[in-house]
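This is coords19.txt (compact mmCIF, C-alpha atoms).
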# COMPACT_ATOMS: atom_id res chain seq x y z
CA MET B 834 69.98 -6.76 45.52
CA LEU B 835 71.45 -10.03 46.71
CA ILE B 836 73.21 -10.42 43.43
CA THR B 837 74.60 -6.90 43.73
CA ALA B 838 75.93 -7.53 47.26
CA ALA B 839 77.51 -10.82 46.19
CA TYR B 840 79.13 -9.13 43.20
CA ALA B 841 80.45 -6.25 45.33
CA ALA B 842 81.84 -8.74 47.85
CA SER B 843 83.71 -10.62 45.12
CA ASN B 844 85.12 -7.36 43.63
CA PRO B 845 86.04 -5.16 46.61
CA GLY B 846 88.04 -2.57 44.67
CA GLU B 847 85.29 -1.56 42.21
CA PRO B 848 82.10 -0.76 44.09
CA TRP B 849 80.63 1.72 41.58
CA THR B 850 81.68 0.17 38.33
CA ALA B 851 80.90 -3.40 39.12
CA ASP B 852 77.28 -3.02 40.29
CA PRO B 853 74.77 -2.32 37.44
CA SER B 854 72.08 -1.06 39.83
CA ASN B 855 74.41 1.84 40.72
CA TRP B 856 74.43 2.87 37.07
CA VAL B 857 70.65 2.67 36.91
CA ALA B 858 70.40 4.89 40.00
CA ILE B 859 72.86 7.41 38.53
CA GLY B 860 70.93 7.47 35.23
CA PHE B 861 67.65 8.00 37.04
CA VAL B 862 69.07 10.94 39.06
CA ILE B 863 70.43 12.51 35.85
CA PHE B 864 67.06 12.03 34.17
CA LEU B 865 65.27 13.76 37.06
CA ALA B 866 67.76 16.62 37.04
CA LEU B 867 67.32 17.14 33.32
CA MET B 868 63.57 17.10 33.69
CA PHE B 869 63.71 19.66 36.45
CA PHE B 870 66.20 22.00 34.74
CA LEU B 871 64.75 21.79 31.26
CA LYS B 872 61.23 22.06 32.60
CA VAL B 873 60.24 19.00 30.67
CA HIS B 874 57.70 18.22 33.33
CA ALA B 875 55.86 21.46 32.49
CA LYS B 876 55.91 20.64 28.78
CA LEU B 877 54.93 17.07 29.50
CA GLY B 878 52.19 18.28 31.84
CA SER B 879 50.90 20.79 29.31
CA ALA B 880 51.00 18.11 26.59
CA LEU B 881 49.08 15.76 28.86
CA ASP B 882 46.65 18.54 29.77
CA GLY B 883 46.17 19.34 26.07
CA ARG B 884 45.55 15.68 25.34
CA ALA B 885 43.14 15.46 28.27
CA ASP B 886 41.30 18.55 26.97
CA ARG B 887 41.19 17.07 23.48
CA ILE B 888 39.88 13.77 24.83
CA ARG B 889 37.34 15.63 26.98
CA SER B 890 36.11 17.63 23.96
CA GLU B 891 35.96 14.46 21.88
CA LEU B 892 33.95 12.79 24.66
CA GLU B 893 31.59 15.78 24.80
CA GLU B 894 31.26 15.68 20.99
CA ALA B 895 30.59 11.95 21.14
CA LYS B 896 28.00 12.53 23.87
CA ARG B 897 26.34 15.26 21.80
CA LEU B 898 26.39 13.04 18.70
CA ARG B 899 24.91 10.19 20.73
CA GLU B 900 22.12 12.44 21.99
CA ASP B 901 21.51 13.67 18.43
CA ALA B 902 21.43 10.10 17.19
CA GLN B 903 18.99 9.11 19.92
CA ALA B 904 16.77 12.10 19.09
CA LEU B 905 16.95 11.26 15.40
CA TYR B 906 16.17 7.62 16.15
CA ALA B 907 13.19 8.64 18.28
CA GLU B 908 11.97 10.95 15.50
CA TYR B 909 12.30 8.21 12.88
CA GLN B 910 10.54 5.79 15.19
CA ARG B 911 7.71 8.30 15.66
CA LYS B 912 7.52 8.87 11.91
CA SER B 913 7.51 5.12 11.35
CA GLU B 914 4.63 4.72 13.79
CA GLU B 915 2.76 7.57 12.11
CA ALA B 916 3.37 5.98 8.71
CA MET B 917 2.11 2.63 9.98
CA ALA B 918 -1.01 4.28 11.43
CA GLN B 919 -1.55 6.15 8.17
CA ALA B 920 -1.07 2.93 6.19
CA GLU B 921 -3.63 1.18 8.40
CA THR B 922 -6.04 4.06 7.86
CA ILE B 923 -5.51 3.88 4.10
CA VAL B 924 -6.05 0.11 4.10
CA ALA B 925 -9.22 0.47 6.18
CA HIS B 926 -10.47 3.20 3.86
CA ALA B 927 -9.65 1.06 0.82
CA ARG B 928 -11.56 -1.87 2.32
CA GLU B 929 -14.56 0.34 3.01
CA GLU B 930 -14.38 1.75 -0.51
CA ALA B 931 -14.10 -1.76 -1.99
CA GLU B 932 -17.11 -2.91 0.01
CA ARG B 933 -19.05 0.16 -1.08
CA MET B 934 -18.08 -0.42 -4.71
CA ALA B 935 -19.05 -4.11 -4.46
CA GLU B 936 -22.43 -3.14 -2.99
CA ASN B 937 -22.97 -0.59 -5.77
CA ALA B 938 -21.99 -3.20 -8.36
CA ARG B 939 -24.50 -5.65 -6.84
CA LYS B 940 -27.22 -3.00 -6.92
CA GLU B 941 -26.39 -2.07 -10.51
CA LEU B 942 -26.39 -5.75 -11.49
CA ASP B 943 -29.78 -6.26 -9.84
CA ALA B 944 -31.14 -3.16 -11.60
CA THR B 945 -29.72 -4.36 -14.94
CA ILE B 946 -31.30 -7.79 -14.46
CA ILE B 947 -34.66 -6.20 -13.63
CA ARG B 948 -34.43 -3.89 -16.67
CA ARG B 949 -33.54 -6.77 -18.99
CA ARG B 950 -36.34 -8.90 -17.56
CA GLU B 951 -38.80 -6.04 -18.12
CA MET B 952 -37.47 -5.53 -21.66
CA ALA B 953 -37.81 -9.26 -22.36
CA GLU B 954 -41.34 -9.29 -20.95
CA ALA B 955 -42.21 -6.24 -23.07
CA LYS B 956 -40.81 -7.93 -26.18
CA ILE B 957 -42.76 -11.09 -25.35
CA ALA B 958 -45.93 -9.01 -24.87
CA GLN B 959 -45.33 -7.24 -28.20
CA ALA B 960 -44.72 -10.55 -29.95
CA GLU B 961 -47.83 -11.96 -28.32
CA GLN B 962 -49.90 -8.96 -29.46
CA ALA B 963 -48.44 -9.26 -32.95
CA ALA B 964 -49.22 -12.99 -33.03
CA ILE B 965 -52.79 -12.36 -31.82
CA ALA B 966 -53.20 -9.67 -34.46
CA ASP B 967 -51.80 -11.99 -37.15
CA VAL B 968 -54.12 -14.80 -36.04
CA ARG B 969 -57.08 -12.41 -35.95
CA ASN B 970 -56.26 -11.06 -39.39
CA ALA B 971 -55.84 -14.57 -40.72
CA ALA B 972 -59.13 -15.60 -39.12
CA VAL B 973 -60.85 -12.57 -40.60
CA ASP B 974 -59.39 -13.35 -44.02
CA VAL B 975 -60.50 -16.99 -43.75
CA ALA B 976 -63.95 -15.98 -42.50
CA ILE B 977 -64.31 -13.43 -45.27
CA SER B 978 -63.19 -15.96 -47.87
CA ALA B 979 -65.51 -18.62 -46.52
CA THR B 980 -68.41 -16.21 -46.25
CA THR B 981 -67.71 -14.92 -49.71
CA ALA B 982 -67.67 -18.43 -51.13
CA VAL B 983 -70.87 -19.42 -49.33
CA LEU B 984 -72.70 -16.27 -50.25
CA GLN B 985 -71.57 -16.40 -53.86
CA GLU B 986 -73.11 -19.78 -54.19
CA ASP B 987 -76.30 -18.74 -52.46
CA MET B 988 -76.61 -15.31 -53.87
CA GLN B 989 -76.06 -14.73 -57.39
CA GLY B 990 -76.66 -11.63 -59.33
CA ASP B 991 -76.53 -7.93 -58.44
CA ALA B 992 -78.64 -8.16 -55.32
CA GLY B 993 -76.45 -10.94 -53.96
CA LYS B 994 -73.33 -8.97 -54.61
CA ALA B 995 -74.66 -5.95 -52.74
CA VAL B 996 -75.56 -8.08 -49.69
CA ILE B 997 -72.13 -9.77 -49.80
CA ASP B 998 -70.27 -6.46 -49.95
CA ALA B 999 -72.29 -5.11 -47.00
CA ALA B 1000 -71.65 -8.28 -44.94
CA ILE B 1001 -67.92 -8.19 -45.65
CA GLY B 1002 -67.68 -4.58 -44.55
CA ASP B 1003 -69.67 -5.37 -41.40
CA VAL B 1004 -67.45 -8.35 -40.47
CA ALA B 1005 -64.29 -6.38 -41.03
CA GLN B 1006 -65.53 -3.58 -38.74
CA ARG B 1007 -66.56 -5.97 -35.96
CA LEU B 1008 -63.29 -7.93 -35.89
CA ASN B 1009 -61.00 -4.90 -35.78
Show how you would write the structure in this file as structure tokens.
Amino acid sequence: MLITAAYAASNPGEPWTADPSNWVAIGFVIFLALMFFLKVHAKLGSALDGRADRIRSELEEAKRLREDAQALYAEYQRKSEEAMAQAETIVAHAREEAERMAENARKELDATIIRRREMAEAKIAQAEQAAIADVRNAAVDVAISATTAVLQEDMQGDAGKAVIDAAIGDVAQRLN
């Protein structure tokens, strides 16, 4: 404003043309008149109202989407917790089952060992009985041979043979 007054004072014959702020004021008045007569302010207001409505609806949509996302997040979190609990249950059940299977395996192993021991003892007993029978049969054969040899020397003839045959039959019956 000081510059304008100094300029107007130096050019006294041209007050409207020399001062640029006068032209700005004239342009502003023309702009306001055009806005009023052309009802630009109504169009501008309705455009601004439309934009405000659009922004408001976008905000409401964003709020709804946020709420949906929060609900979805809460649901996924709940499902995740349920899955973790279910996984823990499965792991606990698997541990129990593994322990049960290990115990059954131990019992089966113990039973197998007992059965094999009993089978080995039975085989040993059978072998022992067979060995005793073999020794007995061998002893009987040796005794019979020795008795036969002794008696043949002592008893000769038909009477001796009859006594020997009777003694052999008697020994065989007593040993078996």
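The coordinates place CA of Thr980 (chain B) at 10.6 Å from CA of Asp998 (chain B).
The spacing separating CA of Lys872 (chain B) from CA of Gly860 (chain B) amounts to 17.7 Å.
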**Q.** Separation of CA of Leu867 (chain B) from CA of Ser854 (chain B), in Å and rounded to one decimal
**A.** 19.9 Å
Can I get region 923-938 of chain B with N, CA and C atoms filled in, as a tab-separated table (two decimals), in the coordinates of the input?
chain	number	residue	atom	x	y	z
B	923	ILE	N	-5.31	3.99	5.55
B	923	ILE	CA	-5.51	3.88	4.10
B	923	ILE	C	-6.08	2.51	3.74
B	924	VAL	N	-5.55	1.46	4.37
B	924	VAL	CA	-6.05	0.11	4.10
B	924	VAL	C	-7.50	-0.01	4.53
B	925	ALA	N	-7.84	0.53	5.71
B	925	ALA	CA	-9.22	0.47	6.18
B	925	ALA	C	-10.14	1.23	5.22
B	926	HIS	N	-9.68	2.40	4.80
B	926	HIS	CA	-10.47	3.20	3.86
B	926	HIS	C	-10.64	2.46	2.53
B	927	ALA	N	-9.58	1.82	2.07
B	927	ALA	CA	-9.65	1.06	0.82
B	927	ALA	C	-10.62	-0.11	0.95
B	928	ARG	N	-10.61	-0.78	2.11
B	928	ARG	CA	-11.56	-1.87	2.32
B	928	ARG	C	-13.00	-1.36	2.30
B	929	GLU	N	-13.22	-0.24	3.00
B	929	GLU	CA	-14.56	0.34	3.01
B	929	GLU	C	-14.98	0.72	1.59
B	930	GLU	N	-14.07	1.33	0.86
B	930	GLU	CA	-14.38	1.75	-0.51
B	930	GLU	C	-14.66	0.52	-1.39
B	931	ALA	N	-13.88	-0.54	-1.21
B	931	ALA	CA	-14.10	-1.76	-1.99
B	931	ALA	C	-15.46	-2.38	-1.66
B	932	GLU	N	-15.81	-2.39	-0.37
B	932	GLU	CA	-17.11	-2.91	0.01
B	932	GLU	C	-18.23	-2.05	-0.57
B	933	ARG	N	-18.05	-0.75	-0.53
B	933	ARG	CA	-19.05	0.16	-1.08
B	933	ARG	C	-19.18	-0.05	-2.59
B	934	MET	N	-18.05	-0.20	-3.27
B	934	MET	CA	-18.08	-0.42	-4.71
B	934	MET	C	-18.73	-1.77	-5.04
B	935	ALA	N	-18.45	-2.80	-4.23
B	935	ALA	CA	-19.05	-4.11	-4.46
B	935	ALA	C	-20.56	-4.03	-4.26
B	936	GLU	N	-20.99	-3.31	-3.23
B	936	GLU	CA	-22.43	-3.14	-2.99
B	936	GLU	C	-23.09	-2.39	-4.14
B	937	ASN	N	-22.43	-1.34	-4.62
B	937	ASN	CA	-22.97	-0.59	-5.77
B	937	ASN	C	-23.04	-1.48	-7.01
B	938	ALA	N	-22.00	-2.30	-7.20
B	938	ALA	CA	-21.99	-3.20	-8.36
B	938	ALA	C	-23.14	-4.20	-8.26
